[in-house]
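Take a look at the structure below.
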Amino acid sequence: MPPSDLSTSATAASAAQPVLTQDQLKTLVGQAALQYVLPGEIVGVGSGSTVNKFIEALGTIKHQIKGAVSSSVASTERLRALGIEVFDSNDVPRLAVYVDGADEIDGHGNMIKGGGAALTREKIVAAQSDKFVCIVDASKLVTTLGAFPLPVEVIPMATRRLMTQFAAKGGTATVRKQNGQPLVTDNGQHILDVTGLCIADPQAFETEVSQWPGVVTVGVFAFQRAQVCLLGTVSGVRTLTY
Ligand code: 5RP
């Protein structure tokens, strides 16, 4: 059930228009996020295929912004390729806006993130931002978090124990692989993907798992939740505010 402070608005598409593909929906929300970018500001930029659409759109107004703080090596490379200056997060005390995608978002702006393995830097940049604008297609909107395998960045020597700890919570954790080897994140660590969880209380879950020794970052974003969600739907971009 949506919370009472949830307000929505939609930009309706004509009924005669063809159904948009998921890629087109990503482009729509990526472009829609430009309305939250303030002239002369440094923008927080997330990671993933939806954010890549936002980066493309940002390129069209690059002369109006000062630059970006990026949440991954991949996004940094894209931003620089477009001529957008990328600042070290330590050199920027505060960001007005952070734009990023999500793997799931619920009716309160809580999210699961980390499908692209960039969750740690994403949480860092989100934490230094006043407003999180989440850009997703409608398939990402859920009632309860947990159907998407939960990404957790971990210190490799803790992997076995953490798998046992997740099993005690009803989850099954597997080490994410790339080319047959454990994927190594931008921070030199590994990712566990945990299935079988039902995250009814995202803040309590994030608090608990963040304290397990060896967890670098859990992909539940409840404390760095979204204030705005731009949702790509068959009838256009819906704006959800929390
Ligand atoms: C990367 C992320 C992404 O924001 C998330 O996986 C969504 O990606 P996409 O826009 O490609 O669906 O958290 O770590």
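Chain identifiers are assigned as A, B, and so on, following the order in which chains appear in the structure tokens; residues are numbered from 1 within each chain, and ligands are numbered from 1 in order of appearance.
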
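With the cut-off set to 6 Å and only C-alpha atoms and all ligand atoms counted, the residues surrounding ligand 1 are Ser47, Gly48, Ser49, Thr50, Val51, Asp100, Gly101, Ala102, Asp103, Lys113, Gly114, Gly115, Gly116, Ala117, Ala118 and Leu119 of chain A.
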
Do a neighbour search on Gly171 (chain A) at 8 Å with only C-alpha atoms, toss out local chain neighbours closer than 6 positions, and write the hits as number ranges by chain. A: 194-197

Can you tell me, as an NGL selection string, what residues are no more than 10 Å from region 120-134 of chain A when counting only C-alpha atoms, ignoring any on the same chain fewer than 6 positions away? :A and (29-30 or 33 or 36 or 43-47 or 50-51 or 69-73 or 89-90 or 92-102 or 105 or 109 or 111 or 113-114 or 152-153 or 185-187 or 216-221 or 223-231 or 239-241)

Which one of A:Glu56, A:Gln31, A:Thr159, A:Gly40 sits closest to Ala81 (chain A) if you count only C-alpha atoms?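 Under the stated criterion, the closest residue is A:Glu56.
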
Spatial neighbours of Arg176 (chain A), 7 Å, only C-alpha atoms, chain gap at least 2 places, as a PDB file with C-alpha atoms, in the first residue's frame:
ATOM      1  CA  THR A 174      26.538 -17.122  -4.016  1.00  0.00           C
ATOM      2  CA  GLN A 178      32.902 -12.941 -14.090  1.00  0.00           C
ATOM      3  CA  PRO A 182      34.961 -14.109  -8.541  1.00  0.00           C
ATOM      4  CA  LEU A 183      34.092 -10.643  -9.801  1.00  0.00           C
ATOM      5  CA  ILE A 191      30.110  -9.566  -4.289  1.00  0.00           C
ATOM      6  CA  LEU A 192      27.675 -12.012  -2.712  1.00  0.00           C
ATOM      7  CA  ASP A 193      24.227 -12.237  -4.328  1.00  0.00           C
TER       8      ASP A 193
END

Interatomic distance (Å, one decimal) between CA of Val136 (chain A) and CA of Val37 (chain A): 17.3 Å

Given only C-alpha atoms as the counted atoms, nearest of A:Gly67, A:Glu104, A:Gly83, A:Ile112 to Ser139 (chain A): A:Glu104

Give me, as a short mmCIF file (atom, residue, chain, number, x, y, z; two decimals) with all heavy atoms, in the first residue's frame, the residues of region 5-178 of chain A that a backbone DSSP run labels helix (DSSP H, G or I).
data_model
loop_
_atom_site.label_atom_id
_atom_site.label_comp_id
_atom_site.auth_asym_id
_atom_site.auth_seq_id
_atom_site.Cartn_x
_atom_site.Cartn_y
_atom_site.Cartn_z
N GLN A 22 11.95 -1.32 -23.05
CA GLN A 22 12.59 -1.01 -21.77
C GLN A 22 13.74 -0.01 -21.98
O GLN A 22 13.93 0.91 -21.17
CB GLN A 22 13.13 -2.30 -21.14
CG GLN A 22 13.53 -2.10 -19.68
CD GLN A 22 14.02 -3.37 -19.04
OE1 GLN A 22 14.67 -4.20 -19.70
NE2 GLN A 22 13.74 -3.54 -17.77
N ASP A 23 14.44 -0.16 -23.09
CA ASP A 23 15.54 0.76 -23.38
C ASP A 23 15.02 2.18 -23.59
O ASP A 23 15.62 3.16 -23.12
CB ASP A 23 16.30 0.28 -24.63
CG ASP A 23 17.61 1.01 -24.81
OD1 ASP A 23 18.48 0.86 -23.93
OD2 ASP A 23 17.75 1.74 -25.81
N GLN A 24 13.88 2.31 -24.27
CA GLN A 24 13.29 3.64 -24.48
C GLN A 24 12.80 4.25 -23.16
O GLN A 24 12.91 5.45 -22.94
CB GLN A 24 12.15 3.54 -25.50
CG GLN A 24 12.66 3.29 -26.92
CD GLN A 24 11.53 2.92 -27.89
OE1 GLN A 24 10.59 2.22 -27.53
NE2 GLN A 24 11.64 3.41 -29.11
N LEU A 25 12.27 3.38 -22.29
CA LEU A 25 11.83 3.88 -20.98
C LEU A 25 13.03 4.41 -20.19
O LEU A 25 12.95 5.44 -19.50
CB LEU A 25 11.13 2.76 -20.18
CG LEU A 25 9.79 2.28 -20.73
CD1 LEU A 25 9.26 1.12 -19.89
CD2 LEU A 25 8.77 3.41 -20.75
N LYS A 26 14.15 3.72 -20.30
CA LYS A 26 15.37 4.17 -19.60
C LYS A 26 15.82 5.52 -20.14
O LYS A 26 16.23 6.40 -19.39
CB LYS A 26 16.49 3.12 -19.76
CG LYS A 26 16.23 1.84 -18.98
CD LYS A 26 17.34 0.83 -19.18
CE LYS A 26 17.02 -0.46 -18.43
NZ LYS A 26 18.10 -1.43 -18.42
N THR A 27 15.72 5.68 -21.47
CA THR A 27 16.09 6.96 -22.08
C THR A 27 15.18 8.07 -21.56
O THR A 27 15.64 9.16 -21.19
CB THR A 27 15.98 6.87 -23.62
OG1 THR A 27 16.83 5.83 -24.07
CG2 THR A 27 16.39 8.19 -24.28
N LEU A 28 13.88 7.77 -21.48
CA LEU A 28 12.91 8.78 -21.02
C LEU A 28 13.22 9.26 -19.60
O LEU A 28 13.24 10.45 -19.32
CB LEU A 28 11.50 8.18 -21.01
CG LEU A 28 10.63 8.28 -22.25
CD1 LEU A 28 9.22 7.79 -21.92
CD2 LEU A 28 10.58 9.71 -22.76
N VAL A 29 13.45 8.30 -18.69
CA VAL A 29 13.70 8.71 -17.30
C VAL A 29 15.07 9.36 -17.15
O VAL A 29 15.25 10.26 -16.33
CB VAL A 29 13.51 7.55 -16.29
CG1 VAL A 29 12.06 7.11 -16.24
CG2 VAL A 29 14.42 6.36 -16.59
N GLY A 30 16.03 8.91 -17.96
CA GLY A 30 17.36 9.54 -17.94
C GLY A 30 17.27 11.00 -18.34
O GLY A 30 17.88 11.88 -17.72
N GLN A 31 16.47 11.26 -19.36
CA GLN A 31 16.30 12.66 -19.81
C GLN A 31 15.48 13.46 -18.79
O GLN A 31 15.78 14.62 -18.52
CB GLN A 31 15.62 12.68 -21.18
CG GLN A 31 16.52 12.17 -22.29
CD GLN A 31 15.80 11.98 -23.62
OE1 GLN A 31 14.58 11.93 -23.68
NE2 GLN A 31 16.58 11.86 -24.68
N ALA A 32 14.47 12.81 -18.20
CA ALA A 32 13.61 13.51 -17.24
C ALA A 32 14.39 13.97 -16.01
O ALA A 32 14.04 14.97 -15.38
CB ALA A 32 12.45 12.61 -16.83
N ALA A 33 15.45 13.24 -15.68
CA ALA A 33 16.24 13.59 -14.49
C ALA A 33 16.98 14.92 -14.65
O ALA A 33 17.38 15.52 -13.65
CB ALA A 33 17.23 12.47 -14.18
N LEU A 34 17.12 15.39 -15.89
CA LEU A 34 17.83 16.67 -16.10
C LEU A 34 17.15 17.83 -15.38
O LEU A 34 17.79 18.80 -15.00
CB LEU A 34 17.90 17.00 -17.60
CG LEU A 34 18.89 16.22 -18.45
CD1 LEU A 34 18.91 16.80 -19.86
CD2 LEU A 34 20.28 16.23 -17.85
N GLN A 35 15.82 17.70 -15.17
CA GLN A 35 15.10 18.80 -14.50
C GLN A 35 15.56 19.02 -13.06
O GLN A 35 15.30 20.06 -12.48
CB GLN A 35 13.59 18.53 -14.52
CG GLN A 35 13.18 17.35 -13.67
CD GLN A 35 11.75 16.90 -13.88
OE1 GLN A 35 10.83 17.59 -13.47
NE2 GLN A 35 11.57 15.76 -14.51
N TYR A 36 16.26 18.01 -12.49
CA TYR A 36 16.74 18.15 -11.10
C TYR A 36 18.18 18.65 -11.04
O TYR A 36 18.72 18.84 -9.96
CB TYR A 36 16.63 16.80 -10.37
CG TYR A 36 15.19 16.39 -10.19
CD1 TYR A 36 14.54 15.60 -11.14
CD2 TYR A 36 14.47 16.83 -9.09
CE1 TYR A 36 13.21 15.26 -10.98
CE2 TYR A 36 13.14 16.50 -8.93
CZ TYR A 36 12.52 15.71 -9.88
OH TYR A 36 11.19 15.39 -9.73
N SER A 49 22.87 0.84 -16.63
CA SER A 49 22.39 1.13 -17.98
C SER A 49 21.42 2.31 -18.01
O SER A 49 21.38 3.06 -18.99
CB SER A 49 21.74 -0.12 -18.58
OG SER A 49 20.66 -0.55 -17.77
N THR A 50 20.63 2.49 -16.96
CA THR A 50 19.71 3.63 -16.93
C THR A 50 20.49 4.94 -16.70
O THR A 50 20.22 5.95 -17.35
CB THR A 50 18.64 3.44 -15.83
OG1 THR A 50 18.15 2.10 -15.89
CG2 THR A 50 17.48 4.40 -16.01
N VAL A 51 21.45 4.88 -15.82
CA VAL A 51 22.30 6.06 -15.59
C VAL A 51 23.09 6.42 -16.85
O VAL A 51 23.34 7.60 -17.11
CB VAL A 51 23.24 5.82 -14.38
CG1 VAL A 51 24.36 6.85 -14.35
CG2 VAL A 51 22.44 5.88 -13.09
N ASN A 52 23.46 5.42 -17.63
CA ASN A 52 24.16 5.73 -18.88
C ASN A 52 23.31 6.65 -19.77
O ASN A 52 23.84 7.53 -20.47
CB ASN A 52 24.52 4.46 -19.64
CG ASN A 52 25.62 3.67 -18.93
OD1 ASN A 52 26.29 4.21 -18.04
ND2 ASN A 52 25.81 2.42 -19.30
N LYS A 53 21.99 6.46 -19.73
CA LYS A 53 21.09 7.35 -20.50
C LYS A 53 21.11 8.75 -19.90
O LYS A 53 21.05 9.76 -20.61
CB LYS A 53 19.66 6.80 -20.47
CG LYS A 53 19.52 5.38 -20.96
CD LYS A 53 19.78 5.27 -22.43
CE LYS A 53 19.41 3.89 -22.95
NZ LYS A 53 19.67 3.75 -24.39
N PHE A 54 21.16 8.82 -18.56
CA PHE A 54 21.25 10.12 -17.90
C PHE A 54 22.57 10.81 -18.27
O PHE A 54 22.59 12.02 -18.53
CB PHE A 54 21.14 9.94 -16.38
CG PHE A 54 21.42 11.18 -15.60
CD1 PHE A 54 20.59 12.29 -15.70
CD2 PHE A 54 22.52 11.27 -14.77
CE1 PHE A 54 20.85 13.46 -14.98
CE2 PHE A 54 22.79 12.42 -14.04
CZ PHE A 54 21.96 13.52 -14.15
N ILE A 55 23.65 10.05 -18.29
CA ILE A 55 24.95 10.64 -18.63
C ILE A 55 24.90 11.22 -20.06
O ILE A 55 25.39 12.32 -20.31
CB ILE A 55 26.08 9.60 -18.47
CG1 ILE A 55 26.26 9.25 -16.98
CG2 ILE A 55 27.39 10.14 -19.05
CD1 ILE A 55 27.25 8.12 -16.71
N GLU A 56 24.28 10.46 -20.97
CA GLU A 56 24.14 10.97 -22.35
C GLU A 56 23.39 12.30 -22.35
O GLU A 56 23.77 13.25 -23.03
CB GLU A 56 23.33 9.98 -23.20
CG GLU A 56 24.15 8.88 -23.83
CD GLU A 56 23.24 7.84 -24.50
OE1 GLU A 56 22.22 8.23 -25.11
OE2 GLU A 56 23.55 6.64 -24.40
N ALA A 57 22.29 12.34 -21.58
CA ALA A 57 21.49 13.57 -21.51
C ALA A 57 22.29 14.70 -20.87
O ALA A 57 22.23 15.85 -21.31
CB ALA A 57 20.20 13.30 -20.72
N LEU A 58 23.07 14.35 -19.84
CA LEU A 58 23.89 15.36 -19.15
C LEU A 58 24.90 16.00 -20.12
O LEU A 58 25.21 17.18 -20.01
CB LEU A 58 24.62 14.67 -17.99
CG LEU A 58 25.06 15.49 -16.79
CD1 LEU A 58 23.91 16.27 -16.18
CD2 LEU A 58 25.71 14.57 -15.75
N GLY A 59 25.36 15.18 -21.07
CA GLY A 59 26.30 15.69 -22.07
C GLY A 59 25.73 16.85 -22.87
O GLY A 59 26.47 17.75 -23.29
N LYS A 62 26.27 20.02 -20.69
CA LYS A 62 27.53 19.98 -19.92
C LYS A 62 28.10 21.37 -19.63
O LYS A 62 28.79 21.55 -18.63
CB LYS A 62 28.55 19.10 -20.62
CG LYS A 62 29.03 19.61 -21.96
CD LYS A 62 30.03 18.63 -22.55
CE LYS A 62 30.46 19.08 -23.92
NZ LYS A 62 31.31 18.11 -24.59
N HIS A 63 27.80 22.33 -20.50
CA HIS A 63 28.35 23.68 -20.28
C HIS A 63 27.60 24.43 -19.18
O HIS A 63 28.05 25.46 -18.71
CB HIS A 63 28.35 24.47 -21.58
CG HIS A 63 29.19 23.82 -22.64
ND1 HIS A 63 30.54 23.58 -22.48
CD2 HIS A 63 28.86 23.30 -23.85
CE1 HIS A 63 31.02 22.97 -23.55
NE2 HIS A 63 30.01 22.78 -24.39
N GLN A 64 26.46 23.88 -18.76
CA GLN A 64 25.68 24.53 -17.70
C GLN A 64 26.04 24.01 -16.31
O GLN A 64 25.56 24.53 -15.31
CB GLN A 64 24.19 24.31 -17.94
CG GLN A 64 23.68 24.95 -19.23
CD GLN A 64 22.24 24.55 -19.51
OE1 GLN A 64 21.43 24.41 -18.61
NE2 GLN A 64 21.93 24.34 -20.79
N VAL A 73 34.06 3.43 -11.82
CA VAL A 73 35.06 3.66 -12.87
C VAL A 73 34.35 3.77 -14.21
O VAL A 73 34.66 4.63 -15.04
CB VAL A 73 36.09 2.50 -12.88
CG1 VAL A 73 37.01 2.60 -14.09
CG2 VAL A 73 36.90 2.49 -11.58
N ALA A 74 33.34 2.91 -14.44
CA ALA A 74 32.63 2.91 -15.72
C ALA A 74 31.94 4.25 -15.98
O ALA A 74 32.03 4.82 -17.08
CB ALA A 74 31.61 1.78 -15.76
N SER A 75 31.25 4.79 -14.95
CA SER A 75 30.57 6.08 -15.14
C SER A 75 31.58 7.20 -15.32
O SER A 75 31.37 8.12 -16.12
CB SER A 75 29.65 6.38 -13.95
OG SER A 75 28.52 5.54 -13.99
N THR A 76 32.67 7.13 -14.59
CA THR A 76 33.73 8.16 -14.73
C THR A 76 34.23 8.20 -16.17
O THR A 76 34.37 9.27 -16.77
CB THR A 76 34.90 7.84 -13.77
OG1 THR A 76 34.41 7.92 -12.43
CG2 THR A 76 36.04 8.82 -13.95
N GLU A 77 34.47 7.03 -16.74
CA GLU A 77 34.97 6.99 -18.12
C GLU A 77 33.96 7.60 -19.09
O GLU A 77 34.31 8.36 -20.00
CB GLU A 77 35.28 5.54 -18.52
CG GLU A 77 36.56 5.03 -17.87
CD GLU A 77 36.81 3.54 -18.09
OE1 GLU A 77 35.93 2.87 -18.67
OE2 GLU A 77 37.87 3.07 -17.64
N ARG A 78 32.67 7.29 -18.89
CA ARG A 78 31.63 7.85 -19.78
C ARG A 78 31.54 9.36 -19.63
O ARG A 78 31.37 10.09 -20.61
CB ARG A 78 30.27 7.22 -19.46
CG ARG A 78 30.08 5.86 -20.06
CD ARG A 78 28.76 5.25 -19.68
NE ARG A 78 28.65 3.92 -20.24
CZ ARG A 78 28.10 3.65 -21.42
NH1 ARG A 78 27.53 4.60 -22.13
NH2 ARG A 78 28.07 2.42 -21.87
N LEU A 79 31.59 9.82 -18.40
CA LEU A 79 31.48 11.26 -18.16
C LEU A 79 32.66 11.99 -18.81
O LEU A 79 32.48 13.00 -19.51
CB LEU A 79 31.46 11.54 -16.65
CG LEU A 79 30.15 11.15 -15.94
CD1 LEU A 79 30.37 10.97 -14.44
CD2 LEU A 79 29.08 12.21 -16.19
N ARG A 80 33.86 11.47 -18.61
CA ARG A 80 35.05 12.12 -19.16
C ARG A 80 35.03 12.09 -20.69
O ARG A 80 35.44 13.05 -21.34
CB ARG A 80 36.31 11.45 -18.62
CG ARG A 80 36.52 11.77 -17.14
CD ARG A 80 37.94 11.54 -16.70
NE ARG A 80 38.12 12.04 -15.34
CZ ARG A 80 38.65 11.36 -14.34
NH1 ARG A 80 39.10 10.13 -14.54
NH2 ARG A 80 38.78 11.91 -13.13
N ALA A 81 34.53 10.99 -21.26
CA ALA A 81 34.46 10.88 -22.72
C ALA A 81 33.57 11.97 -23.31
O ALA A 81 33.75 12.39 -24.46
CB ALA A 81 33.94 9.50 -23.12
N SER A 89 35.29 12.75 -4.65
CA SER A 89 34.22 13.03 -3.68
C SER A 89 34.74 13.77 -2.45
O SER A 89 34.01 14.55 -1.83
CB SER A 89 33.52 11.73 -3.26
OG SER A 89 34.42 10.89 -2.61
N ASN A 90 36.01 13.57 -2.12
CA ASN A 90 36.58 14.26 -0.96
C ASN A 90 36.75 15.76 -1.18
O ASN A 90 36.92 16.51 -0.22
CB ASN A 90 37.94 13.65 -0.60
CG ASN A 90 37.79 12.28 0.00
OD1 ASN A 90 37.13 12.11 1.01
ND2 ASN A 90 38.39 11.29 -0.64
N ASP A 91 36.74 16.19 -2.43
CA ASP A 91 36.92 17.62 -2.74
C ASP A 91 35.59 18.36 -2.84
O ASP A 91 35.56 19.55 -3.14
CB ASP A 91 37.70 17.78 -4.06
CG ASP A 91 39.11 17.25 -3.93
OD1 ASP A 91 39.63 17.24 -2.79
OD2 ASP A 91 39.68 16.82 -4.96
N LEU A 119 27.76 -0.74 -5.62
CA LEU A 119 26.94 -0.29 -4.49
C LEU A 119 27.70 0.51 -3.44
O LEU A 119 27.14 1.45 -2.85
CB LEU A 119 26.22 -1.46 -3.84
CG LEU A 119 27.05 -2.57 -3.19
CD1 LEU A 119 26.16 -3.41 -2.28
CD2 LEU A 119 27.68 -3.48 -4.22
N THR A 120 28.96 0.18 -3.19
CA THR A 120 29.68 0.88 -2.12
C THR A 120 29.89 2.35 -2.47
O THR A 120 29.56 3.25 -1.68
CB THR A 120 31.04 0.20 -1.85
OG1 THR A 120 30.76 -1.11 -1.36
CG2 THR A 120 31.85 0.97 -0.82
N ARG A 121 30.39 2.60 -3.66
CA ARG A 121 30.61 4.01 -4.04
C ARG A 121 29.27 4.73 -4.24
O ARG A 121 29.15 5.93 -4.01
CB ARG A 121 31.49 4.08 -5.29
CG ARG A 121 32.88 3.53 -5.04
CD ARG A 121 33.81 3.75 -6.20
NE ARG A 121 35.05 3.02 -5.98
CZ ARG A 121 36.16 3.22 -6.66
NH1 ARG A 121 36.19 4.12 -7.64
NH2 ARG A 121 37.25 2.51 -6.42
N GLU A 122 28.27 3.97 -4.68
CA GLU A 122 26.93 4.57 -4.83
C GLU A 122 26.41 5.05 -3.47
O GLU A 122 25.86 6.14 -3.35
CB GLU A 122 25.97 3.57 -5.46
CG GLU A 122 26.31 3.28 -6.92
CD GLU A 122 25.49 2.15 -7.54
OE1 GLU A 122 24.89 1.37 -6.80
OE2 GLU A 122 25.48 2.07 -8.77
N LYS A 123 26.61 4.22 -2.45
CA LYS A 123 26.12 4.63 -1.13
C LYS A 123 26.92 5.82 -0.60
O LYS A 123 26.38 6.71 0.07
CB LYS A 123 26.19 3.44 -0.15
CG LYS A 123 25.14 3.50 0.94
CD LYS A 123 25.11 2.25 1.81
CE LYS A 123 23.99 1.30 1.49
NZ LYS A 123 23.78 0.25 2.49
N ILE A 124 28.20 5.85 -0.91
CA ILE A 124 29.05 6.97 -0.46
C ILE A 124 28.57 8.27 -1.10
O ILE A 124 28.39 9.29 -0.42
CB ILE A 124 30.54 6.70 -0.80
CG1 ILE A 124 31.08 5.56 0.07
CG2 ILE A 124 31.37 7.97 -0.64
CD1 ILE A 124 32.45 5.03 -0.37
N VAL A 125 28.36 8.25 -2.41
CA VAL A 125 27.96 9.51 -3.08
C VAL A 125 26.53 9.89 -2.67
O VAL A 125 26.24 11.07 -2.45
CB VAL A 125 28.09 9.40 -4.63
CG1 VAL A 125 27.79 10.75 -5.28
CG2 VAL A 125 29.49 8.95 -5.02
N ALA A 126 25.67 8.90 -2.51
CA ALA A 126 24.30 9.20 -2.05
C ALA A 126 24.33 9.85 -0.67
O ALA A 126 23.56 10.78 -0.39
CB ALA A 126 23.47 7.92 -2.00
N ALA A 127 25.26 9.40 0.18
CA ALA A 127 25.32 9.93 1.55
C ALA A 127 25.79 11.39 1.60
O ALA A 127 25.54 12.08 2.58
CB ALA A 127 26.25 9.06 2.39
N ALA A 138 9.27 0.77 -14.83
CA ALA A 138 8.21 0.36 -13.90
C ALA A 138 8.40 -1.05 -13.34
O ALA A 138 7.87 -1.36 -12.27
CB ALA A 138 6.85 0.47 -14.59
N SER A 139 9.18 -1.88 -14.03
CA SER A 139 9.38 -3.26 -13.56
C SER A 139 10.13 -3.29 -12.22
O SER A 139 10.12 -4.31 -11.51
CB SER A 139 10.16 -4.07 -14.59
OG SER A 139 11.49 -3.58 -14.70
N LYS A 140 10.76 -2.18 -11.85
CA LYS A 140 11.58 -2.17 -10.61
C LYS A 140 10.77 -1.81 -9.37
O LYS A 140 11.28 -1.90 -8.25
CB LYS A 140 12.72 -1.14 -10.76
CG LYS A 140 13.57 -1.27 -12.02
CD LYS A 140 14.56 -2.39 -11.91
CE LYS A 140 15.54 -2.45 -13.08
NZ LYS A 140 16.57 -1.46 -13.07
N PRO A 156 36.88 -10.76 0.86
CA PRO A 156 36.89 -12.18 0.48
C PRO A 156 37.13 -13.16 1.63
O PRO A 156 36.52 -14.23 1.66
CB PRO A 156 38.01 -12.25 -0.56
CG PRO A 156 37.99 -10.88 -1.19
CD PRO A 156 37.66 -9.92 -0.07
N MET A 157 37.97 -12.83 2.62
CA MET A 157 38.26 -13.81 3.68
C MET A 157 37.05 -14.09 4.57
O MET A 157 37.04 -15.05 5.33
CB MET A 157 39.47 -13.39 4.53
CG MET A 157 39.22 -12.25 5.46
SD MET A 157 40.64 -11.88 6.53
CE MET A 157 40.54 -13.20 7.73
N ALA A 158 36.00 -13.25 4.46
CA ALA A 158 34.81 -13.44 5.30
C ALA A 158 33.70 -14.18 4.57
O ALA A 158 32.64 -14.45 5.14
CB ALA A 158 34.29 -12.08 5.76
N THR A 159 33.93 -14.54 3.31
CA THR A 159 32.86 -15.07 2.46
C THR A 159 32.12 -16.27 3.07
O THR A 159 30.89 -16.29 3.15
CB THR A 159 33.44 -15.48 1.09
OG1 THR A 159 33.98 -14.31 0.48
CG2 THR A 159 32.37 -16.05 0.19
N ARG A 160 32.87 -17.25 3.51
CA ARG A 160 32.23 -18.50 3.99
C ARG A 160 31.32 -18.22 5.19
O ARG A 160 30.19 -18.67 5.24
CB ARG A 160 33.29 -19.53 4.34
CG ARG A 160 32.67 -20.82 4.87
CD ARG A 160 33.74 -21.80 5.29
NE ARG A 160 34.41 -22.34 4.12
CZ ARG A 160 34.45 -23.63 3.80
NH1 ARG A 160 33.82 -24.49 4.56
NH2 ARG A 160 35.09 -24.05 2.75
N ARG A 161 31.84 -17.46 6.16
CA ARG A 161 31.01 -17.18 7.35
C ARG A 161 29.79 -16.36 6.98
O ARG A 161 28.68 -16.60 7.47
CB ARG A 161 31.84 -16.46 8.43
CG ARG A 161 30.98 -16.07 9.64
CD ARG A 161 31.78 -15.38 10.73
NE ARG A 161 32.73 -14.43 10.23
CZ ARG A 161 32.40 -13.22 9.78
NH1 ARG A 161 31.15 -12.83 9.75
NH2 ARG A 161 33.34 -12.40 9.33
N LEU A 162 29.96 -15.37 6.09
CA LEU A 162 28.81 -14.53 5.71
C LEU A 162 27.74 -15.36 5.00
O LEU A 162 26.54 -15.14 5.20
CB LEU A 162 29.28 -13.36 4.84
CG LEU A 162 30.10 -12.31 5.61
CD1 LEU A 162 30.72 -11.30 4.65
CD2 LEU A 162 29.24 -11.60 6.65
N MET A 163 28.16 -16.33 4.20
CA MET A 163 27.18 -17.21 3.54
C MET A 163 26.36 -17.95 4.60
O MET A 163 25.14 -18.11 4.47
CB MET A 163 27.89 -18.20 2.61
CG MET A 163 28.44 -17.55 1.37
SD MET A 163 29.51 -18.68 0.46
CE MET A 163 28.58 -18.91 -1.02
N THR A 164 27.03 -18.39 5.66
CA THR A 164 26.34 -19.08 6.75
C THR A 164 25.38 -18.14 7.47
O THR A 164 24.26 -18.51 7.83
CB THR A 164 27.37 -19.65 7.75
OG1 THR A 164 28.31 -20.43 7.02
CG2 THR A 164 26.72 -20.50 8.82
N GLN A 165 25.82 -16.90 7.67
CA GLN A 165 24.97 -15.93 8.37
C GLN A 165 23.72 -15.63 7.54
O GLN A 165 22.62 -15.49 8.09
CB GLN A 165 25.75 -14.65 8.69
CG GLN A 165 26.74 -14.85 9.84
CD GLN A 165 27.36 -13.55 10.32
OE1 GLN A 165 28.46 -13.20 9.91
NE2 GLN A 165 26.66 -12.83 11.18
N PHE A 166 23.87 -15.52 6.22
CA PHE A 166 22.69 -15.29 5.37
C PHE A 166 21.78 -16.52 5.37
O PHE A 166 20.55 -16.39 5.35
CB PHE A 166 23.10 -14.91 3.95
CG PHE A 166 23.46 -13.45 3.82
CD1 PHE A 166 24.74 -13.05 3.50
CD2 PHE A 166 22.49 -12.47 4.04
CE1 PHE A 166 25.06 -11.70 3.40
CE2 PHE A 166 22.81 -11.12 3.94
CZ PHE A 166 24.10 -10.74 3.63
N ALA A 167 22.37 -17.72 5.41
CA ALA A 167 21.56 -18.94 5.45
C ALA A 167 20.68 -18.95 6.70
O ALA A 167 19.52 -19.37 6.65
CB ALA A 167 22.47 -20.16 5.40
N ALA A 168 21.22 -18.44 7.80
CA ALA A 168 20.44 -18.40 9.05
C ALA A 168 19.26 -17.44 8.93
O ALA A 168 18.30 -17.54 9.71
CB ALA A 168 21.35 -17.99 10.20
#

In region 61-140 of chain A, what's strand (DSSP E) per DSSP? Answer as a PyMOL selection string? chain A and resi 67-70+86-87+95-100+104-105+111-112+129-137

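If you look at CA of Pro151 (chain A) and CA of Arg238 (chain A), they are 26.9 Å away from each other.
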